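Asks: What follows is the file run.cif, containing mmCIF, N, CA and C atoms:
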data_data
loop_
_atom_site.label_atom_id
_atom_site.label_comp_id
_atom_site.auth_asym_id
_atom_site.auth_seq_id
_atom_site.Cartn_x
_atom_site.Cartn_y
_atom_site.Cartn_z
N MET A 1 53.18 12.10 4.43
CA MET A 1 52.37 13.10 5.10
C MET A 1 52.56 12.94 6.60
N SER A 2 52.78 14.04 7.25
CA SER A 2 53.01 13.99 8.68
C SER A 2 51.69 13.84 9.44
N PHE A 3 51.81 13.55 10.73
CA PHE A 3 50.64 13.35 11.58
C PHE A 3 49.79 14.62 11.62
N SER A 4 50.42 15.78 11.76
CA SER A 4 49.68 17.04 11.85
C SER A 4 48.97 17.35 10.53
N GLN A 5 49.62 17.04 9.41
CA GLN A 5 48.98 17.27 8.11
C GLN A 5 47.77 16.35 7.95
N GLU A 6 47.94 15.08 8.37
CA GLU A 6 46.84 14.11 8.28
C GLU A 6 45.68 14.55 9.16
N LYS A 7 45.99 15.00 10.37
CA LYS A 7 44.96 15.47 11.30
C LYS A 7 44.25 16.69 10.71
N GLY A 8 44.99 17.58 10.11
CA GLY A 8 44.41 18.78 9.49
C GLY A 8 43.49 18.41 8.34
N CYS A 9 43.87 17.41 7.55
CA CYS A 9 43.02 16.96 6.44
C CYS A 9 41.71 16.38 6.96
N LYS A 10 41.80 15.62 8.05
CA LYS A 10 40.58 15.04 8.63
C LYS A 10 39.66 16.13 9.14
N VAL A 11 40.24 17.15 9.77
CA VAL A 11 39.43 18.25 10.30
C VAL A 11 38.71 18.96 9.15
N TRP A 12 39.46 19.27 8.08
CA TRP A 12 38.84 19.93 6.92
C TRP A 12 37.79 19.04 6.28
N PHE A 13 38.09 17.75 6.16
CA PHE A 13 37.13 16.82 5.57
C PHE A 13 35.85 16.79 6.39
N ASN A 14 35.98 16.66 7.72
CA ASN A 14 34.82 16.63 8.60
C ASN A 14 34.02 17.93 8.50
N HIS A 15 34.74 19.05 8.41
CA HIS A 15 34.06 20.34 8.28
C HIS A 15 33.24 20.40 6.99
N PHE A 16 33.85 20.03 5.87
CA PHE A 16 33.14 20.08 4.59
C PHE A 16 32.04 19.02 4.52
N HIS A 17 32.29 17.87 5.11
CA HIS A 17 31.28 16.82 5.11
C HIS A 17 30.06 17.25 5.92
N SER A 18 30.28 17.88 7.07
CA SER A 18 29.17 18.38 7.88
C SER A 18 28.39 19.45 7.13
N ALA A 19 29.10 20.34 6.46
CA ALA A 19 28.44 21.39 5.68
C ALA A 19 27.63 20.77 4.53
N TYR A 20 28.19 19.75 3.88
CA TYR A 20 27.48 19.06 2.79
C TYR A 20 26.20 18.42 3.32
N LYS A 21 26.29 17.69 4.44
CA LYS A 21 25.11 17.01 4.99
C LYS A 21 24.03 18.01 5.36
N LYS A 22 24.43 19.14 5.94
CA LYS A 22 23.46 20.16 6.33
C LYS A 22 22.77 20.74 5.08
N ALA A 23 23.54 21.04 4.05
CA ALA A 23 22.97 21.58 2.81
C ALA A 23 22.07 20.55 2.13
N ARG A 24 22.50 19.28 2.12
CA ARG A 24 21.70 18.21 1.52
C ARG A 24 20.37 18.06 2.25
N ASN A 25 20.41 18.05 3.57
CA ASN A 25 19.18 17.90 4.36
C ASN A 25 18.24 19.08 4.16
N ASN A 26 18.79 20.29 4.11
CA ASN A 26 17.95 21.47 3.84
C ASN A 26 17.31 21.39 2.46
N LEU A 27 18.07 20.95 1.47
CA LEU A 27 17.53 20.81 0.12
C LEU A 27 16.43 19.75 0.08
N ASN A 28 16.65 18.61 0.72
CA ASN A 28 15.63 17.56 0.74
C ASN A 28 14.36 18.03 1.43
N LYS A 29 14.51 18.79 2.51
CA LYS A 29 13.35 19.34 3.21
C LYS A 29 12.60 20.32 2.31
N LEU A 30 13.34 21.17 1.61
CA LEU A 30 12.73 22.14 0.71
C LEU A 30 11.99 21.45 -0.43
N VAL A 31 12.58 20.42 -1.01
CA VAL A 31 11.93 19.67 -2.09
C VAL A 31 10.66 19.00 -1.58
N LYS A 32 10.72 18.39 -0.42
CA LYS A 32 9.56 17.71 0.18
C LYS A 32 8.43 18.70 0.43
N ASN A 33 8.74 19.84 1.02
CA ASN A 33 7.73 20.85 1.31
C ASN A 33 7.14 21.45 0.03
N THR A 34 7.98 21.66 -0.98
CA THR A 34 7.51 22.21 -2.24
C THR A 34 6.57 21.24 -2.94
N LYS A 35 6.91 19.94 -2.93
CA LYS A 35 6.02 18.94 -3.53
C LYS A 35 4.69 18.89 -2.80
N ALA A 36 4.72 18.94 -1.48
CA ALA A 36 3.48 18.89 -0.70
C ALA A 36 2.62 20.11 -1.01
N ASP A 37 3.22 21.30 -1.08
CA ASP A 37 2.47 22.51 -1.41
C ASP A 37 1.86 22.42 -2.80
N TYR A 38 2.63 21.92 -3.77
CA TYR A 38 2.13 21.78 -5.14
C TYR A 38 0.94 20.84 -5.18
N CYS A 39 1.04 19.70 -4.51
CA CYS A 39 -0.07 18.73 -4.51
C CYS A 39 -1.29 19.30 -3.82
N ASN A 40 -1.09 19.95 -2.69
CA ASN A 40 -2.23 20.55 -1.98
C ASN A 40 -2.92 21.62 -2.82
N ASN A 41 -2.13 22.45 -3.50
CA ASN A 41 -2.72 23.49 -4.36
C ASN A 41 -3.46 22.88 -5.54
N ALA A 42 -2.88 21.85 -6.15
CA ALA A 42 -3.53 21.21 -7.30
C ALA A 42 -4.86 20.59 -6.92
N ILE A 43 -4.91 19.94 -5.76
CA ILE A 43 -6.15 19.30 -5.31
C ILE A 43 -7.17 20.34 -4.85
N SER A 44 -6.72 21.39 -4.19
CA SER A 44 -7.66 22.40 -3.69
C SER A 44 -8.31 23.18 -4.84
N GLN A 45 -7.68 23.23 -6.01
CA GLN A 45 -8.27 23.93 -7.15
C GLN A 45 -9.49 23.20 -7.71
N CYS A 46 -9.60 21.91 -7.45
CA CYS A 46 -10.75 21.14 -7.97
C CYS A 46 -11.52 20.48 -6.84
N ARG A 47 -11.62 21.17 -5.71
CA ARG A 47 -12.18 20.61 -4.49
C ARG A 47 -13.65 20.20 -4.63
N LYS A 48 -14.44 20.86 -5.45
CA LYS A 48 -15.87 20.56 -5.51
C LYS A 48 -16.24 19.54 -6.59
N ASP A 49 -15.27 19.06 -7.31
CA ASP A 49 -15.54 18.11 -8.39
C ASP A 49 -14.75 16.82 -8.16
N PRO A 50 -15.42 15.77 -7.62
CA PRO A 50 -14.70 14.53 -7.29
C PRO A 50 -13.97 13.91 -8.48
N LYS A 51 -14.55 13.99 -9.66
CA LYS A 51 -13.90 13.39 -10.82
C LYS A 51 -12.58 14.09 -11.12
N SER A 52 -12.58 15.41 -11.07
CA SER A 52 -11.33 16.13 -11.35
C SER A 52 -10.32 15.94 -10.22
N ILE A 53 -10.81 15.74 -8.97
CA ILE A 53 -9.89 15.45 -7.87
C ILE A 53 -9.15 14.14 -8.15
N TRP A 54 -9.91 13.10 -8.54
CA TRP A 54 -9.26 11.80 -8.81
C TRP A 54 -8.36 11.87 -10.04
N ASN A 55 -8.75 12.63 -11.05
CA ASN A 55 -7.86 12.80 -12.21
C ASN A 55 -6.56 13.47 -11.79
N THR A 56 -6.66 14.47 -10.91
CA THR A 56 -5.48 15.17 -10.42
C THR A 56 -4.61 14.24 -9.57
N VAL A 57 -5.24 13.48 -8.67
CA VAL A 57 -4.49 12.53 -7.84
C VAL A 57 -3.76 11.52 -8.71
N ASN A 58 -4.45 10.97 -9.72
CA ASN A 58 -3.81 10.00 -10.61
C ASN A 58 -2.67 10.64 -11.40
N LYS A 59 -2.86 11.89 -11.81
CA LYS A 59 -1.79 12.58 -12.55
C LYS A 59 -0.58 12.81 -11.64
N LEU A 60 -0.84 13.23 -10.39
CA LEU A 60 0.26 13.51 -9.47
C LEU A 60 1.02 12.25 -9.06
N THR A 61 0.32 11.13 -8.98
CA THR A 61 0.97 9.89 -8.55
C THR A 61 1.41 9.01 -9.72
N ASN A 62 1.22 9.51 -10.93
CA ASN A 62 1.55 8.76 -12.15
C ASN A 62 0.83 7.43 -12.21
N SER A 63 -0.39 7.40 -11.67
CA SER A 63 -1.18 6.17 -11.69
C SER A 63 -1.98 6.08 -12.98
N LYS A 64 -1.91 4.96 -13.59
CA LYS A 64 -2.73 4.69 -14.77
C LYS A 64 -3.48 3.41 -14.48
N SER A 65 -4.71 3.35 -14.94
CA SER A 65 -5.46 2.13 -14.69
C SER A 65 -4.79 0.99 -15.43
N LYS A 66 -4.63 -0.08 -14.72
CA LYS A 66 -3.94 -1.23 -15.29
C LYS A 66 -4.93 -2.37 -15.43
N THR A 67 -5.01 -2.91 -16.60
CA THR A 67 -5.86 -4.07 -16.81
C THR A 67 -4.97 -5.22 -17.27
N SER A 68 -5.39 -6.39 -16.92
CA SER A 68 -4.65 -7.56 -17.37
C SER A 68 -5.66 -8.61 -17.82
N ASN A 69 -5.33 -9.27 -18.87
CA ASN A 69 -6.19 -10.32 -19.39
C ASN A 69 -5.81 -11.65 -18.77
N ILE A 70 -6.81 -12.41 -18.39
CA ILE A 70 -6.59 -13.74 -17.85
C ILE A 70 -6.79 -14.72 -19.00
N ASN A 71 -5.74 -15.43 -19.34
CA ASN A 71 -5.82 -16.36 -20.47
C ASN A 71 -6.25 -17.75 -20.05
N GLU A 72 -5.94 -18.12 -18.82
CA GLU A 72 -6.34 -19.44 -18.34
C GLU A 72 -6.53 -19.41 -16.83
N LEU A 73 -7.36 -20.33 -16.36
CA LEU A 73 -7.67 -20.43 -14.95
C LEU A 73 -7.67 -21.90 -14.59
N VAL A 74 -6.99 -22.27 -13.51
CA VAL A 74 -6.92 -23.66 -13.08
C VAL A 74 -7.87 -23.85 -11.90
N VAL A 75 -8.87 -24.74 -12.08
CA VAL A 75 -9.85 -25.02 -11.04
C VAL A 75 -9.91 -26.53 -10.87
N ASP A 76 -9.63 -27.00 -9.66
CA ASP A 76 -9.64 -28.44 -9.38
C ASP A 76 -8.79 -29.22 -10.38
N HIS A 77 -7.59 -28.76 -10.62
CA HIS A 77 -6.61 -29.39 -11.52
C HIS A 77 -7.08 -29.41 -12.97
N GLU A 78 -8.05 -28.61 -13.32
CA GLU A 78 -8.54 -28.52 -14.69
C GLU A 78 -8.25 -27.12 -15.21
N VAL A 79 -7.65 -27.04 -16.41
CA VAL A 79 -7.30 -25.75 -17.00
C VAL A 79 -8.48 -25.26 -17.84
N LEU A 80 -8.98 -24.08 -17.49
CA LEU A 80 -10.08 -23.46 -18.23
C LEU A 80 -9.51 -22.34 -19.08
N THR A 81 -9.88 -22.30 -20.37
CA THR A 81 -9.37 -21.25 -21.26
C THR A 81 -10.48 -20.43 -21.91
N LYS A 82 -11.70 -20.95 -21.92
CA LYS A 82 -12.81 -20.21 -22.54
C LYS A 82 -13.31 -19.15 -21.56
N PRO A 83 -13.51 -17.92 -22.04
CA PRO A 83 -13.94 -16.84 -21.14
C PRO A 83 -15.22 -17.17 -20.36
N GLY A 84 -16.18 -17.83 -20.98
CA GLY A 84 -17.42 -18.17 -20.29
C GLY A 84 -17.18 -19.16 -19.16
N GLU A 85 -16.33 -20.16 -19.41
CA GLU A 85 -16.02 -21.15 -18.37
C GLU A 85 -15.29 -20.49 -17.19
N MET A 86 -14.36 -19.60 -17.51
CA MET A 86 -13.62 -18.92 -16.45
C MET A 86 -14.56 -18.02 -15.64
N ALA A 87 -15.46 -17.33 -16.32
CA ALA A 87 -16.41 -16.46 -15.62
C ALA A 87 -17.31 -17.28 -14.71
N ASP A 88 -17.80 -18.42 -15.20
CA ASP A 88 -18.66 -19.29 -14.38
C ASP A 88 -17.91 -19.82 -13.16
N ALA A 89 -16.64 -20.21 -13.35
CA ALA A 89 -15.85 -20.75 -12.24
C ALA A 89 -15.61 -19.68 -11.17
N MET A 90 -15.29 -18.45 -11.61
CA MET A 90 -15.08 -17.38 -10.63
C MET A 90 -16.39 -17.01 -9.94
N ASN A 91 -17.48 -16.99 -10.69
CA ASN A 91 -18.79 -16.69 -10.11
C ASN A 91 -19.15 -17.73 -9.04
N LYS A 92 -18.92 -19.00 -9.37
CA LYS A 92 -19.21 -20.07 -8.41
C LYS A 92 -18.36 -19.91 -7.15
N TYR A 93 -17.07 -19.62 -7.34
CA TYR A 93 -16.16 -19.46 -6.20
C TYR A 93 -16.64 -18.34 -5.28
N PHE A 94 -16.90 -17.16 -5.86
CA PHE A 94 -17.27 -16.01 -5.03
C PHE A 94 -18.66 -16.16 -4.43
N ASN A 95 -19.53 -16.95 -5.05
CA ASN A 95 -20.84 -17.20 -4.47
C ASN A 95 -20.75 -18.15 -3.27
N GLU A 96 -19.80 -19.08 -3.29
CA GLU A 96 -19.70 -20.09 -2.25
C GLU A 96 -18.76 -19.73 -1.12
N ILE A 97 -17.80 -18.83 -1.35
CA ILE A 97 -16.75 -18.59 -0.35
C ILE A 97 -17.31 -18.00 0.94
N GLY A 98 -18.35 -17.19 0.86
CA GLY A 98 -18.93 -16.60 2.07
C GLY A 98 -19.48 -17.64 3.02
N SER A 99 -20.25 -18.58 2.48
CA SER A 99 -20.83 -19.61 3.34
C SER A 99 -19.76 -20.58 3.85
N VAL A 100 -18.74 -20.85 3.04
CA VAL A 100 -17.65 -21.72 3.48
C VAL A 100 -16.92 -21.09 4.66
N LEU A 101 -16.61 -19.79 4.55
CA LEU A 101 -15.92 -19.11 5.65
C LEU A 101 -16.82 -18.99 6.87
N ALA A 102 -18.11 -18.77 6.67
CA ALA A 102 -19.04 -18.67 7.79
C ALA A 102 -19.12 -20.00 8.53
N ASP A 103 -19.14 -21.12 7.79
CA ASP A 103 -19.17 -22.44 8.44
C ASP A 103 -17.91 -22.66 9.27
N LYS A 104 -16.76 -22.28 8.73
CA LYS A 104 -15.51 -22.44 9.48
C LYS A 104 -15.51 -21.56 10.72
N LEU A 105 -16.06 -20.37 10.60
CA LEU A 105 -16.09 -19.44 11.71
C LEU A 105 -17.03 -19.91 12.82
N SER A 106 -18.16 -20.49 12.44
CA SER A 106 -19.12 -20.93 13.45
C SER A 106 -18.61 -22.13 14.24
N GLN A 107 -17.66 -22.89 13.68
CA GLN A 107 -17.11 -24.04 14.37
C GLN A 107 -15.98 -23.65 15.32
N ALA A 108 -15.46 -22.45 15.16
CA ALA A 108 -14.32 -22.01 15.97
C ALA A 108 -14.79 -21.50 17.33
N THR A 109 -13.88 -21.54 18.28
CA THR A 109 -14.16 -21.02 19.62
C THR A 109 -13.21 -19.85 19.87
N PHE A 110 -13.77 -18.75 20.33
CA PHE A 110 -12.97 -17.57 20.58
C PHE A 110 -13.09 -17.19 22.05
N GLU A 111 -11.99 -16.73 22.62
CA GLU A 111 -12.02 -16.22 23.98
C GLU A 111 -11.61 -14.76 23.95
N ILE A 112 -12.52 -13.90 24.41
CA ILE A 112 -12.23 -12.48 24.46
C ILE A 112 -12.68 -11.99 25.83
N GLN A 113 -11.76 -11.57 26.63
CA GLN A 113 -12.02 -11.02 27.95
C GLN A 113 -13.04 -11.84 28.74
N LYS A 114 -12.74 -13.08 29.02
CA LYS A 114 -13.56 -13.98 29.82
C LYS A 114 -14.91 -14.30 29.18
N ILE A 115 -15.05 -14.11 27.90
CA ILE A 115 -16.28 -14.49 27.21
C ILE A 115 -15.91 -15.53 26.17
N SER A 116 -16.61 -16.65 26.18
CA SER A 116 -16.34 -17.71 25.22
C SER A 116 -17.47 -17.71 24.19
N VAL A 117 -17.10 -17.72 22.92
CA VAL A 117 -18.08 -17.72 21.85
C VAL A 117 -17.91 -19.00 21.05
N THR A 118 -18.94 -19.83 21.01
CA THR A 118 -18.91 -21.06 20.26
C THR A 118 -20.18 -21.14 19.41
N ALA A 119 -20.03 -21.37 18.14
CA ALA A 119 -21.17 -21.54 17.23
C ALA A 119 -22.13 -20.36 17.32
N GLY A 120 -21.58 -19.15 17.49
CA GLY A 120 -22.41 -17.96 17.49
C GLY A 120 -23.17 -17.69 18.77
N ILE A 121 -22.98 -18.47 19.83
CA ILE A 121 -23.69 -18.28 21.10
C ILE A 121 -22.68 -17.79 22.13
N ALA A 122 -22.97 -16.65 22.77
CA ALA A 122 -22.05 -16.10 23.76
C ALA A 122 -22.52 -16.49 25.15
N GLU A 123 -21.58 -16.86 25.98
CA GLU A 123 -21.92 -17.19 27.36
C GLU A 123 -20.82 -16.72 28.28
N ASP A 124 -21.21 -16.18 29.44
CA ASP A 124 -20.21 -15.70 30.42
C ASP A 124 -19.56 -16.88 31.09
N ARG A 125 -18.27 -16.74 31.41
CA ARG A 125 -17.54 -17.80 32.12
C ARG A 125 -17.59 -17.59 33.58
#
Is it possible to express this structure as structure tokens?
Replies:
Amino acid sequence: MSFSQEKGCKVWFNHFHSAYKKARNNLNKLVKNTKADYCNNAISQCRKDPKSIWNTVNKLTNSKSKTSNINELVVDHEVLTKPGEMADAMNKYFNEIGSVLADKLSQATFEIQKISVTAGIAEDR
């Protein structure tokens, strides 16, 4: 193939490639806009009923409620398998975590715009 033939092929390739990219981008834009219009119309049809709005949102996003069973829970290197024991351990954890975090927070010192906060007491510097 001569240089001029090769150059001509590149020109034609670039021309068709540019046309392809333009058509692809227009199609993607059209698909995106059509999906948005469809979703907006579906939700606006059930605007006054929150339950049907959420059913529609879940249908449009293919969301299904997912549940998972917990078969065992490890607490302090001990494996718990009985549902009552696991429930008690989680209840204890969530009851205590707030005060544990609050204790850690009250011991910390924060500096925000020339104000120092220590143990919940603010004082100007």
Asks: Can you tell me how far atom CA of A:Phe16 sits from atom CA of A:Asn33, in Å to one decimal?
Replies: 25.6 Å
Asks: Atom CA of A:Ser18 to atom N of A:Leu30: how many Å, to one decimal?
Replies: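 Pair atom CA of A:Ser18 / atom N of A:Leu30 returns 17.3 Å.
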Asks: Considering all atoms listed in the file, return as a list in words whatever protein or nucleic-acid residues lie within 7 Å of stretch 69-77 of chain A, sequence-local ones (same chain, fewer than 4 positions apart) excluded.
Replies: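 What passes the distance filter is Thr81, Lys82 and Met86 of chain A.
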Asks: Pull out every residue that the PyMOL selection byres (((chain A and resi 43 and name CA) around 9) and name CA) matches in the shown coordinates and put them as a list in words.
Replies: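 Output from the PyMOL selection byres (((chain A and resi 43 and name CA) around 9) and name CA), applied to this file: Tyr38, Cys39, Asn40, Asn41, Ala42, Ser44, Gln45, Cys46, Arg47, Ser52, Ile53, Trp54, Thr56 and Val57 of chain A.
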Asks: Please indicate the distance in Å from atom C of A:Lys64 to atom N of A:Lys35, rounded to one decimal place.
Replies: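 Between these atoms lies a distance of 22.7 Å.
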Asks: Just asking: which residues within stretch 39-105 of chain A are alpha helix (DSSP H) according to DSSP, as an MDAnalysis selection string?
Replies: chainID A and resid 39:44 50:60 83:105
Asks: Run DSSP on the backbone and tell me which residues of stretch 35-89 of chain A come out as strand (DSSP E or B); list them as a compact mmCIF listing (two decimals) with N, CA and C atoms, keeping the file's coordinate frame.
Replies:
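Once everything was written out, this is result_21.txt:
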# COMPACT_ATOMS: atom_id res chain seq x y z
N LEU A 73 -7.36 -20.33 -16.36
CA LEU A 73 -7.67 -20.43 -14.95
C LEU A 73 -7.67 -21.90 -14.59
N VAL A 74 -6.99 -22.27 -13.51
CA VAL A 74 -6.92 -23.66 -13.08
C VAL A 74 -7.87 -23.85 -11.90
N VAL A 75 -8.87 -24.74 -12.08
CA VAL A 75 -9.85 -25.02 -11.04
C VAL A 75 -9.91 -26.53 -10.87
N GLU A 78 -8.05 -28.61 -13.32
CA GLU A 78 -8.54 -28.52 -14.69
C GLU A 78 -8.25 -27.12 -15.21
N VAL A 79 -7.65 -27.04 -16.41
CA VAL A 79 -7.30 -25.75 -17.00
C VAL A 79 -8.48 -25.26 -17.84
N LEU A 80 -8.98 -24.08 -17.49
CA LEU A 80 -10.08 -23.46 -18.23
C LEU A 80 -9.51 -22.34 -19.08
Asks: So for stretch 54-72 of chain A, what box centre and size do we get, axis-aligned, 4 Å extra on each of the six sides, every listed atom, Å to one decimal, as lines of an AutoDock Vina configuration file?
Replies:
center_x = -4.2
center_y = -2.1
center_z = -14.2
size_x = 19.5
size_y = 42.6
size_z = 20.6
